[in-house]
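Next up, query.cif (mmCIF, C-alpha atoms):
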data_structure
loop_
_atom_site.group_PDB
_atom_site.id
_atom_site.type_symbol
_atom_site.label_atom_id
_atom_site.label_comp_id
_atom_site.auth_asym_id
_atom_site.auth_seq_id
_atom_site.Cartn_x
_atom_site.Cartn_y
_atom_site.Cartn_z
ATOM 1 C CA MET A 1 32.533 -96.109 -66.282
ATOM 2 C CA THR A 2 34.795 -93.105 -65.714
ATOM 3 C CA THR A 3 37.514 -94.765 -67.795
ATOM 4 C CA MET A 4 35.088 -95.553 -70.616
ATOM 5 C CA ARG A 5 33.773 -91.983 -70.672
ATOM 6 C CA ALA A 6 37.347 -90.761 -70.997
ATOM 7 C CA VAL A 7 37.930 -93.116 -73.928
ATOM 8 C CA ILE A 8 34.818 -91.814 -75.682
ATOM 9 C CA ILE A 9 35.672 -88.153 -75.139
ATOM 10 C CA ALA A 10 39.267 -88.626 -76.273
ATOM 11 C CA SER A 11 38.199 -90.598 -79.341
ATOM 12 C CA THR A 12 35.668 -87.975 -80.359
ATOM 13 C CA ALA A 13 38.215 -85.195 -80.029
ATOM 14 C CA CYS A 14 40.756 -87.054 -82.166
ATOM 15 C CA LEU A 15 38.451 -88.318 -84.892
ATOM 16 C CA VAL A 16 36.373 -85.188 -85.404
ATOM 17 C CA VAL A 17 39.428 -83.527 -86.933
ATOM 18 C CA GLY A 18 39.253 -83.750 -90.691
ATOM 19 C CA ALA A 19 35.601 -84.759 -90.886
ATOM 20 C CA ALA A 20 34.273 -83.730 -94.295
ATOM 21 C CA PRO A 21 31.672 -80.924 -94.117
ATOM 22 C CA GLN A 22 29.874 -81.870 -97.344
ATOM 23 C CA ILE A 23 26.732 -84.016 -97.257
ATOM 24 C CA HIS A 24 26.804 -86.530 -100.115
ATOM 25 C CA ALA A 25 24.859 -89.590 -99.003
ATOM 26 C CA GLN A 26 21.150 -89.972 -99.456
ATOM 27 C CA ALA A 27 18.973 -88.269 -96.855
ATOM 28 C CA VAL A 28 16.785 -90.643 -94.861
ATOM 29 C CA ARG A 29 13.086 -90.107 -95.526
ATOM 30 C CA ASN A 30 10.839 -88.727 -92.798
ATOM 31 C CA VAL A 31 13.223 -89.003 -89.853
ATOM 32 C CA ASP A 32 12.872 -86.622 -86.931
ATOM 33 C CA THR A 33 16.266 -86.421 -85.277
ATOM 34 C CA LYS A 34 14.939 -84.501 -82.283
ATOM 35 C CA TRP A 35 14.338 -87.970 -80.810
ATOM 36 C CA LEU A 36 18.072 -88.721 -80.806
ATOM 37 C CA ARG A 37 19.282 -87.900 -77.328
ATOM 38 C CA THR A 38 22.736 -86.461 -76.843
ATOM 39 C CA GLY A 39 24.921 -87.924 -74.126
ATOM 40 C CA VAL A 40 26.029 -91.460 -73.309
ATOM 41 C CA ASP A 41 24.131 -94.772 -73.400
ATOM 42 C CA THR A 42 25.646 -97.983 -72.050
ATOM 43 C CA PHE A 43 24.601 -101.532 -72.929
ATOM 44 C CA LYS A 44 25.724 -104.782 -71.311
ATOM 45 C CA VAL A 45 26.344 -107.365 -74.011
ATOM 46 C CA SER A 46 25.890 -111.054 -73.267
ATOM 47 C CA TYR A 47 25.403 -114.443 -74.886
ATOM 48 C CA ALA A 48 23.647 -117.333 -73.127
ATOM 49 C CA GLY A 49 23.975 -115.461 -69.829
ATOM 50 C CA ASN A 50 27.713 -114.832 -70.185
ATOM 51 C CA LEU A 51 28.952 -111.233 -70.242
ATOM 52 C CA LEU A 52 30.842 -110.486 -73.463
ATOM 53 C CA GLY A 53 31.531 -106.820 -72.772
ATOM 54 C CA HIS A 54 29.986 -103.352 -72.921
ATOM 55 C CA GLY A 55 28.837 -101.225 -75.840
ATOM 56 C CA ILE A 56 28.788 -97.481 -75.199
ATOM 57 C CA THR A 57 27.274 -94.921 -77.568
ATOM 58 C CA SER A 58 27.976 -91.195 -77.225
ATOM 59 C CA ARG A 59 26.014 -88.712 -79.368
ATOM 60 C CA SER A 60 26.589 -84.986 -79.771
ATOM 61 C CA ARG A 61 25.951 -82.256 -82.319
ATOM 62 C CA SER A 62 28.609 -79.948 -83.746
ATOM 63 C CA GLY A 63 28.843 -77.041 -86.192
ATOM 64 C CA PRO A 64 26.489 -74.174 -87.079
ATOM 65 C CA THR A 65 22.748 -74.741 -86.821
ATOM 66 C CA ASP A 66 22.170 -74.655 -90.603
ATOM 67 C CA ALA A 67 24.923 -77.218 -91.259
ATOM 68 C CA SER A 68 25.249 -79.138 -88.026
ATOM 69 C CA GLN A 69 26.501 -82.692 -87.843
ATOM 70 C CA LEU A 70 25.520 -85.568 -85.627
ATOM 71 C CA VAL A 71 28.664 -87.070 -84.116
ATOM 72 C CA GLN A 72 28.116 -90.615 -82.881
ATOM 73 C CA VAL A 73 30.945 -92.504 -81.190
ATOM 74 C CA TYR A 74 30.436 -96.182 -80.438
ATOM 75 C CA THR A 75 32.976 -97.792 -78.122
ATOM 76 C CA TRP A 76 33.100 -101.539 -77.619
ATOM 77 C CA ARG A 77 35.118 -102.999 -74.755
ATOM 78 C CA ASP A 78 35.168 -106.754 -74.353
ATOM 79 C CA ALA A 79 35.476 -108.680 -71.113
ATOM 80 C CA GLN A 80 39.184 -109.296 -71.768
ATOM 81 C CA GLY A 81 39.970 -105.580 -72.126
ATOM 82 C CA GLY A 82 40.080 -105.356 -75.934
ATOM 83 C CA TRP A 83 38.401 -102.344 -77.485
ATOM 84 C CA THR A 84 37.134 -100.768 -80.729
ATOM 85 C CA VAL A 85 36.004 -97.184 -81.373
ATOM 86 C CA ASP A 86 33.756 -96.356 -84.347
ATOM 87 C CA SER A 87 32.994 -92.661 -85.019
ATOM 88 C CA LEU A 88 30.215 -91.626 -87.379
ATOM 89 C CA PHE A 89 29.600 -88.138 -88.804
ATOM 90 C CA ALA A 90 26.182 -87.515 -90.374
ATOM 91 C CA ASP A 91 23.919 -84.605 -91.245
ATOM 92 C CA ALA A 92 22.098 -83.746 -88.022
ATOM 93 C CA ARG A 93 18.738 -83.329 -89.752
ATOM 94 C CA SER A 94 18.644 -86.013 -92.448
ATOM 95 C CA LEU A 95 21.167 -88.586 -91.111
ATOM 96 C CA ALA A 96 22.901 -88.571 -94.508
ATOM 97 C CA THR A 97 26.361 -90.034 -93.941
ATOM 98 C CA VAL A 98 29.433 -87.819 -94.215
ATOM 99 C CA ARG A 99 32.276 -89.905 -92.828
ATOM 100 C CA GLU A 100 33.064 -92.889 -90.618
ATOM 101 C CA VAL A 101 36.317 -93.571 -88.777
ATOM 102 C CA ARG A 102 37.029 -96.865 -87.026
ATOM 103 C CA LEU A 103 39.944 -97.557 -84.699
ATOM 104 C CA ASP A 104 40.413 -101.249 -83.916
ATOM 105 C CA ALA A 105 43.608 -101.986 -81.974
ATOM 106 C CA ASP A 106 46.283 -100.609 -84.339
ATOM 107 C CA THR A 107 44.121 -100.495 -87.496
ATOM 108 C CA LEU A 108 42.574 -97.193 -88.581
ATOM 109 C CA THR A 109 39.803 -97.339 -91.196
ATOM 110 C CA ALA A 110 38.374 -94.130 -92.695
ATOM 111 C CA VAL A 111 35.343 -94.070 -95.003
ATOM 112 C CA THR A 112 34.306 -90.912 -96.849
ATOM 113 C CA TYR A 113 31.061 -90.598 -98.823
ATOM 114 C CA THR A 114 31.271 -88.606 -102.096
ATOM 115 C CA PRO A 115 28.520 -87.904 -104.690
ATOM 116 C CA THR A 116 29.462 -90.941 -106.805
ATOM 117 C CA ALA A 117 31.569 -93.220 -104.637
ATOM 118 C CA ILE A 118 32.600 -94.404 -101.210
ATOM 119 C CA GLU A 119 36.296 -93.888 -100.504
ATOM 120 C CA VAL A 120 37.899 -96.319 -98.050
ATOM 121 C CA SER A 121 41.385 -96.157 -96.579
ATOM 122 C CA VAL A 122 42.834 -98.706 -94.167
ATOM 123 C CA GLY A 123 46.154 -98.204 -92.456
ATOM 124 C CA ASP A 124 48.244 -98.496 -89.333
ATOM 125 C CA ARG A 125 47.568 -95.677 -86.885
ATOM 126 C CA LYS A 126 51.330 -95.650 -86.184
ATOM 127 C CA GLY A 127 52.040 -94.448 -89.714
ATOM 128 C CA GLY A 128 52.384 -97.671 -91.690
ATOM 129 C CA PRO A 129 51.324 -98.113 -95.348
ATOM 130 C CA VAL A 130 47.743 -97.184 -96.238
ATOM 131 C CA ARG A 131 45.543 -99.301 -98.512
ATOM 132 C CA LYS A 132 42.875 -97.409 -100.449
ATOM 133 C CA ALA A 133 39.751 -98.531 -102.273
ATOM 134 C CA LEU A 134 36.956 -96.830 -104.189
ATOM 135 C CA VAL A 135 33.434 -98.261 -104.305
ATOM 136 C CA SER A 136 31.244 -96.828 -107.051
ATOM 137 C CA ALA A 137 27.941 -95.982 -105.360
ATOM 138 C CA SER A 138 25.510 -93.216 -104.504
ATOM 139 C CA GLY A 139 22.597 -92.940 -102.101
ATOM 140 C CA VAL A 140 24.208 -95.297 -99.581
ATOM 141 C CA LEU A 141 24.314 -94.912 -95.800
ATOM 142 C CA SER A 142 26.811 -96.151 -93.263
ATOM 143 C CA SER A 143 25.624 -99.257 -91.424
ATOM 144 C CA ALA A 144 26.484 -97.372 -88.218
ATOM 145 C CA THR A 145 23.360 -95.215 -88.704
ATOM 146 C CA LEU A 146 20.948 -98.127 -88.262
ATOM 147 C CA ASP A 147 20.019 -97.576 -84.610
ATOM 148 C CA ALA A 148 19.672 -93.796 -85.137
ATOM 149 C CA ILE A 149 17.353 -94.436 -88.100
ATOM 150 C CA VAL A 150 15.240 -96.840 -86.054
ATOM 151 C CA ALA A 151 14.935 -94.401 -83.130
ATOM 152 C CA SER A 152 14.029 -91.358 -85.268
ATOM 153 C CA SER A 153 11.695 -92.956 -87.846
ATOM 154 C CA PRO A 154 7.901 -92.419 -87.835
ATOM 155 C CA LEU A 155 7.201 -95.786 -86.251
ATOM 156 C CA SER A 156 3.708 -97.234 -86.451
ATOM 157 C CA SER A 157 2.146 -100.668 -86.815
ATOM 158 C CA THR A 158 2.557 -100.424 -90.617
ATOM 159 C CA PHE A 159 6.054 -98.912 -90.764
ATOM 160 C CA ALA A 160 8.425 -100.533 -93.287
ATOM 161 C CA ARG A 161 11.419 -99.116 -95.214
ATOM 162 C CA GLU A 162 14.410 -100.443 -97.101
ATOM 163 C CA TYR A 163 17.850 -98.807 -96.989
ATOM 164 C CA ARG A 164 21.193 -99.436 -98.679
ATOM 165 C CA PHE A 165 23.956 -99.680 -96.094
ATOM 166 C CA PHE A 166 27.713 -99.873 -96.514
ATOM 167 C CA TYR A 167 29.505 -102.172 -94.076
ATOM 168 C CA ALA A 168 33.065 -100.898 -93.719
ATOM 169 C CA PRO A 169 36.126 -103.156 -93.344
ATOM 170 C CA PRO A 170 36.922 -105.465 -91.689
ATOM 171 C CA SER A 171 33.412 -106.550 -92.701
ATOM 172 C CA LYS A 172 33.276 -108.168 -96.143
ATOM 173 C CA HIS A 173 29.579 -107.407 -96.715
ATOM 174 C CA GLY A 174 30.083 -104.152 -98.645
ATOM 175 C CA ILE A 175 26.787 -102.596 -99.808
ATOM 176 C CA VAL A 176 23.702 -104.447 -98.580
ATOM 177 C CA PRO A 177 19.965 -103.637 -98.814
ATOM 178 C CA VAL A 178 18.391 -103.866 -95.351
ATOM 179 C CA ARG A 179 14.651 -103.916 -94.731
ATOM 180 C CA VAL A 180 13.468 -102.335 -91.463
ATOM 181 C CA ARG A 181 9.903 -102.844 -90.245
ATOM 182 C CA VAL A 182 7.721 -102.773 -87.150
ATOM 183 C CA THR A 183 6.663 -106.311 -86.279
ATOM 184 C CA GLY A 184 4.518 -105.511 -83.264
ATOM 185 C CA ALA A 185 4.269 -103.793 -79.886
ATOM 186 C CA GLU A 186 5.285 -105.074 -76.482
ATOM 187 C CA ARG A 187 5.252 -103.919 -72.868
ATOM 188 C CA ILE A 188 8.603 -104.499 -71.193
ATOM 189 C CA THR A 189 10.135 -103.668 -67.819
ATOM 190 C CA ASP A 190 13.201 -101.421 -67.861
ATOM 191 C CA ARG A 191 16.183 -101.737 -65.519
ATOM 192 C CA ALA A 192 14.544 -99.302 -63.067
ATOM 193 C CA GLY A 193 11.553 -101.633 -62.785
ATOM 194 C CA ARG A 194 9.163 -99.416 -64.764
ATOM 195 C CA GLU A 195 6.855 -100.801 -67.422
ATOM 196 C CA ARG A 196 7.383 -99.259 -70.865
ATOM 197 C CA GLU A 197 5.313 -99.537 -74.035
ATOM 198 C CA THR A 198 7.588 -100.294 -76.983
ATOM 199 C CA TRP A 199 7.585 -100.816 -80.725
ATOM 200 C CA VAL A 200 9.333 -104.013 -81.784
ATOM 201 C CA VAL A 201 11.409 -103.221 -84.872
ATOM 202 C CA ALA A 202 13.175 -105.864 -86.965
ATOM 203 C CA ALA A 203 16.076 -105.130 -89.320
ATOM 204 C CA ALA A 204 17.128 -107.818 -91.806
ATOM 205 C CA THR A 205 20.869 -107.276 -91.332
ATOM 206 C CA PRO A 206 23.355 -109.590 -93.108
ATOM 207 C CA SER A 207 24.598 -111.202 -89.893
ATOM 208 C CA GLY A 208 21.166 -112.749 -89.332
ATOM 209 C CA GLY A 209 18.958 -109.875 -88.179
ATOM 210 C CA THR A 210 18.553 -107.390 -85.337
ATOM 211 C CA VAL A 211 15.439 -106.719 -83.245
ATOM 212 C CA PHE A 212 15.034 -103.425 -81.363
ATOM 213 C CA TRP A 213 12.613 -102.540 -78.560
ATOM 214 C CA VAL A 214 11.937 -98.792 -78.896
ATOM 215 C CA ASP A 215 10.099 -96.797 -76.224
ATOM 216 C CA LYS A 216 6.954 -95.365 -77.827
ATOM 217 C CA GLU A 217 7.064 -92.189 -75.758
ATOM 218 C CA THR A 218 10.753 -91.267 -75.710
ATOM 219 C CA ARG A 219 12.063 -93.293 -78.702
ATOM 220 C CA ALA A 220 14.923 -94.558 -76.559
ATOM 221 C CA ILE A 221 16.174 -98.000 -77.590
ATOM 222 C CA LEU A 222 15.722 -99.973 -74.377
ATOM 223 C CA LYS A 223 17.270 -103.213 -75.594
ATOM 224 C CA TYR A 224 18.107 -105.104 -78.743
ATOM 225 C CA ASP A 225 19.084 -108.584 -79.891
ATOM 226 C CA THR A 226 21.338 -109.239 -82.849
ATOM 227 C CA ARG A 227 21.984 -112.567 -84.534
ATOM 228 C CA GLU A 228 25.484 -113.713 -85.384
ATOM 229 C CA GLY A 229 24.760 -116.909 -87.282
ATOM 230 C CA PRO A 230 23.007 -119.252 -84.832
ATOM 231 C CA ALA A 231 23.915 -117.128 -81.791
ATOM 232 C CA VAL A 232 21.734 -114.330 -80.380
ATOM 233 C CA ILE A 233 23.745 -111.524 -78.753
ATOM 234 C CA GLU A 234 21.771 -109.512 -76.185
ATOM 235 C CA PHE A 235 22.266 -105.771 -75.605
ATOM 236 C CA ARG A 236 20.648 -104.492 -72.413
ATOM 237 C CA ARG A 237 20.726 -100.945 -71.003
#
Show this structure as structure tokens.
Amino acid sequence: MTTMRAVIIASTACLVVGAAPQIHAQAVRNVDTKWLRTGVDTFKVSYAGNLLGHGITSRSRSGPTDASQLVQVYTWRDAQGGWTVDSLFADARSLATVREVRLDADTLTAVTYTPTAIEVSVGDRKGGPVRKALVSASGVLSSATLDAIVASSPLSSTFAREYRFFYAPPSKHGIVPVRVRVTGAERITDRAGRERETWVVAAATPSGGTVFWVDKETRAILKYDTREGPAVIEFRR
């Protein structure tokens, strides 16, 4: 865990440089970002009982109070030692996306949200040629905001919203409408053995769907399952 914390801290320090201060993406309706805890969350990721790796999310806030940003760094480390770091910069109050930077082995992908388009650049972090693309769009959010939206939304038995997400390369999905809704409530036992009352929230993601179990009291995401075709990948705190 010490090594992974070092990776997260180093990645945040490197990728925060050059983050655009302007807020261009659509603000998310009725979110309350006070529920988004700062610090580090770790999830074990498995399929059919086999450990695939660990997903680690670090959240912090930066900048002046009236223009602060939420900085979210997601680090994935697989069981073979491979890793990916995805850094998201969003408005700390509305979750409107500012910028996303993804480092996957030697590939660096940067996505910037402007008033009328999404600018994407993909290159070699060692200084190789950079490929650029422009996607004409407005009012779109980074797909990396999904769990933050789920945790900070006004969840209730009737909650339902639809969002337009951009899935950055290497994904080929592009812009996708995703419906998020509460499908029920469930009492689960956390890893400390305590019973927790949760909202069960389903998101119709393009891979096949994701289901979150969100603590009603703290809004912490205690676990989630995501479909990759016929497979169900389990994320457990």
For this session: Using the chain letters and numbers from the file, give me the residues hit by the PyMOL selection byres ((chain A and resi 181) around 7), as a ChimeraX atom specification.
Result: /A:159-161,179-180,182-183,201-203
For this session: Spell out the residues picked by the PyMOL selection byres ((chain A and resi 194-200) around 9) here, as a list in words.
Result: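 Against this file, the PyMOL selection byres ((chain A and resi 194-200) around 9) returns the residues Leu155, Ser156, Ser157, Arg181, Val182, Thr183, Gly184, Ala185, Glu186, Arg187, Ile188, Thr189, Asp190, Arg191, Ala192, Gly193, Val201, Ala202, Val211, Phe212, Trp213, Val214, Asp215, Lys216, Glu217, Arg219, Ile221 and Leu222 of chain A.
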Sorted per-residue table, range 110-204 of chain A near range 54-58 of chain A, closest atoms and distance, 12 Å, only C-alpha atoms, as CSV:
residue,atom,partner,partner_atom,distance
A:Ala144,CA,A:Thr57,CA,11.0
A:Thr145,CA,A:Thr57,CA,11.8
A:Asp147,CA,A:Thr57,CA,10.5
A:Ala148,CA,A:Thr57,CA,10.8
Report the residues retrieved by the PyMOL selection byres ((chain A and resi 166) around 12) from the displayed file, expressed as a PDB file with C-alpha atoms, in the frame of the given file.
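Generated output (part_2.pdb):
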ATOM      1  CA  ALA A  25      24.859 -89.590 -99.003  1.00  0.00           C
ATOM      2  CA  THR A  97      26.361 -90.034 -93.941  1.00  0.00           C
ATOM      3  CA  ARG A  99      32.276 -89.905 -92.828  1.00  0.00           C
ATOM      4  CA  GLU A 100      33.064 -92.889 -90.618  1.00  0.00           C
ATOM      5  CA  VAL A 111      35.343 -94.070 -95.003  1.00  0.00           C
ATOM      6  CA  THR A 112      34.306 -90.912 -96.849  1.00  0.00           C
ATOM      7  CA  TYR A 113      31.061 -90.598 -98.823  1.00  0.00           C
ATOM      8  CA  ALA A 117      31.569 -93.220-104.637  1.00  0.00           C
ATOM      9  CA  ILE A 118      32.600 -94.404-101.210  1.00  0.00           C
ATOM     10  CA  GLU A 119      36.296 -93.888-100.504  1.00  0.00           C
ATOM     11  CA  VAL A 120      37.899 -96.319 -98.050  1.00  0.00           C
ATOM     12  CA  VAL A 135      33.434 -98.261-104.305  1.00  0.00           C
ATOM     13  CA  SER A 136      31.244 -96.828-107.051  1.00  0.00           C
ATOM     14  CA  ALA A 137      27.941 -95.982-105.360  1.00  0.00           C
ATOM     15  CA  SER A 138      25.510 -93.216-104.504  1.00  0.00           C
ATOM     16  CA  GLY A 139      22.597 -92.940-102.101  1.00  0.00           C
ATOM     17  CA  VAL A 140      24.208 -95.297 -99.581  1.00  0.00           C
ATOM     18  CA  LEU A 141      24.314 -94.912 -95.800  1.00  0.00           C
ATOM     19  CA  SER A 142      26.811 -96.151 -93.263  1.00  0.00           C
ATOM     20  CA  SER A 143      25.624 -99.257 -91.424  1.00  0.00           C
ATOM     21  CA  ALA A 144      26.484 -97.372 -88.218  1.00  0.00           C
ATOM     22  CA  THR A 145      23.360 -95.215 -88.704  1.00  0.00           C
ATOM     23  CA  LEU A 146      20.948 -98.127 -88.262  1.00  0.00           C
ATOM     24  CA  TYR A 163      17.850 -98.807 -96.989  1.00  0.00           C
ATOM     25  CA  ARG A 164      21.193 -99.436 -98.679  1.00  0.00           C
ATOM     26  CA  PHE A 165      23.956 -99.680 -96.094  1.00  0.00           C
ATOM     27  CA  TYR A 167      29.505-102.172 -94.076  1.00  0.00           C
ATOM     28  CA  ALA A 168      33.065-100.898 -93.719  1.00  0.00           C
ATOM     29  CA  PRO A 169      36.126-103.156 -93.344  1.00  0.00           C
ATOM     30  CA  PRO A 170      36.922-105.465 -91.689  1.00  0.00           C
ATOM     31  CA  SER A 171      33.412-106.550 -92.701  1.00  0.00           C
ATOM     32  CA  LYS A 172      33.276-108.168 -96.143  1.00  0.00           C
ATOM     33  CA  HIS A 173      29.579-107.407 -96.715  1.00  0.00           C
ATOM     34  CA  GLY A 174      30.083-104.152 -98.645  1.00  0.00           C
ATOM     35  CA  ILE A 175      26.787-102.596 -99.808  1.00  0.00           C
ATOM     36  CA  VAL A 176      23.702-104.447 -98.580  1.00  0.00           C
ATOM     37  CA  PRO A 177      19.965-103.637 -98.814  1.00  0.00           C
ATOM     38  CA  VAL A 178      18.391-103.866 -95.351  1.00  0.00           C
ATOM     39  CA  THR A 205      20.869-107.276 -91.332  1.00  0.00           C
ATOM     40  CA  PRO A 206      23.355-109.590 -93.108  1.00  0.00           C
TER      41      PRO A 206
END
Problem set entry | Distance in Å - CA of Leu108 in chain A versus CA of Gly209 in chain A | 26.8 Å
Exercise. Can you tell me how far CA of Thr218 in chain A sits from CA of Trp35 in chain A, in Å to one decimal?
Worked result: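 Pair CA of Thr218 in chain A / CA of Trp35 in chain A returns 7.1 Å.
Here the question is which of A:Val98, A:Leu103, A:Val31, A:Ala67 gets nearest to Asp124 in chain A using all atoms listed in the file, and that residue is A:Leu103.
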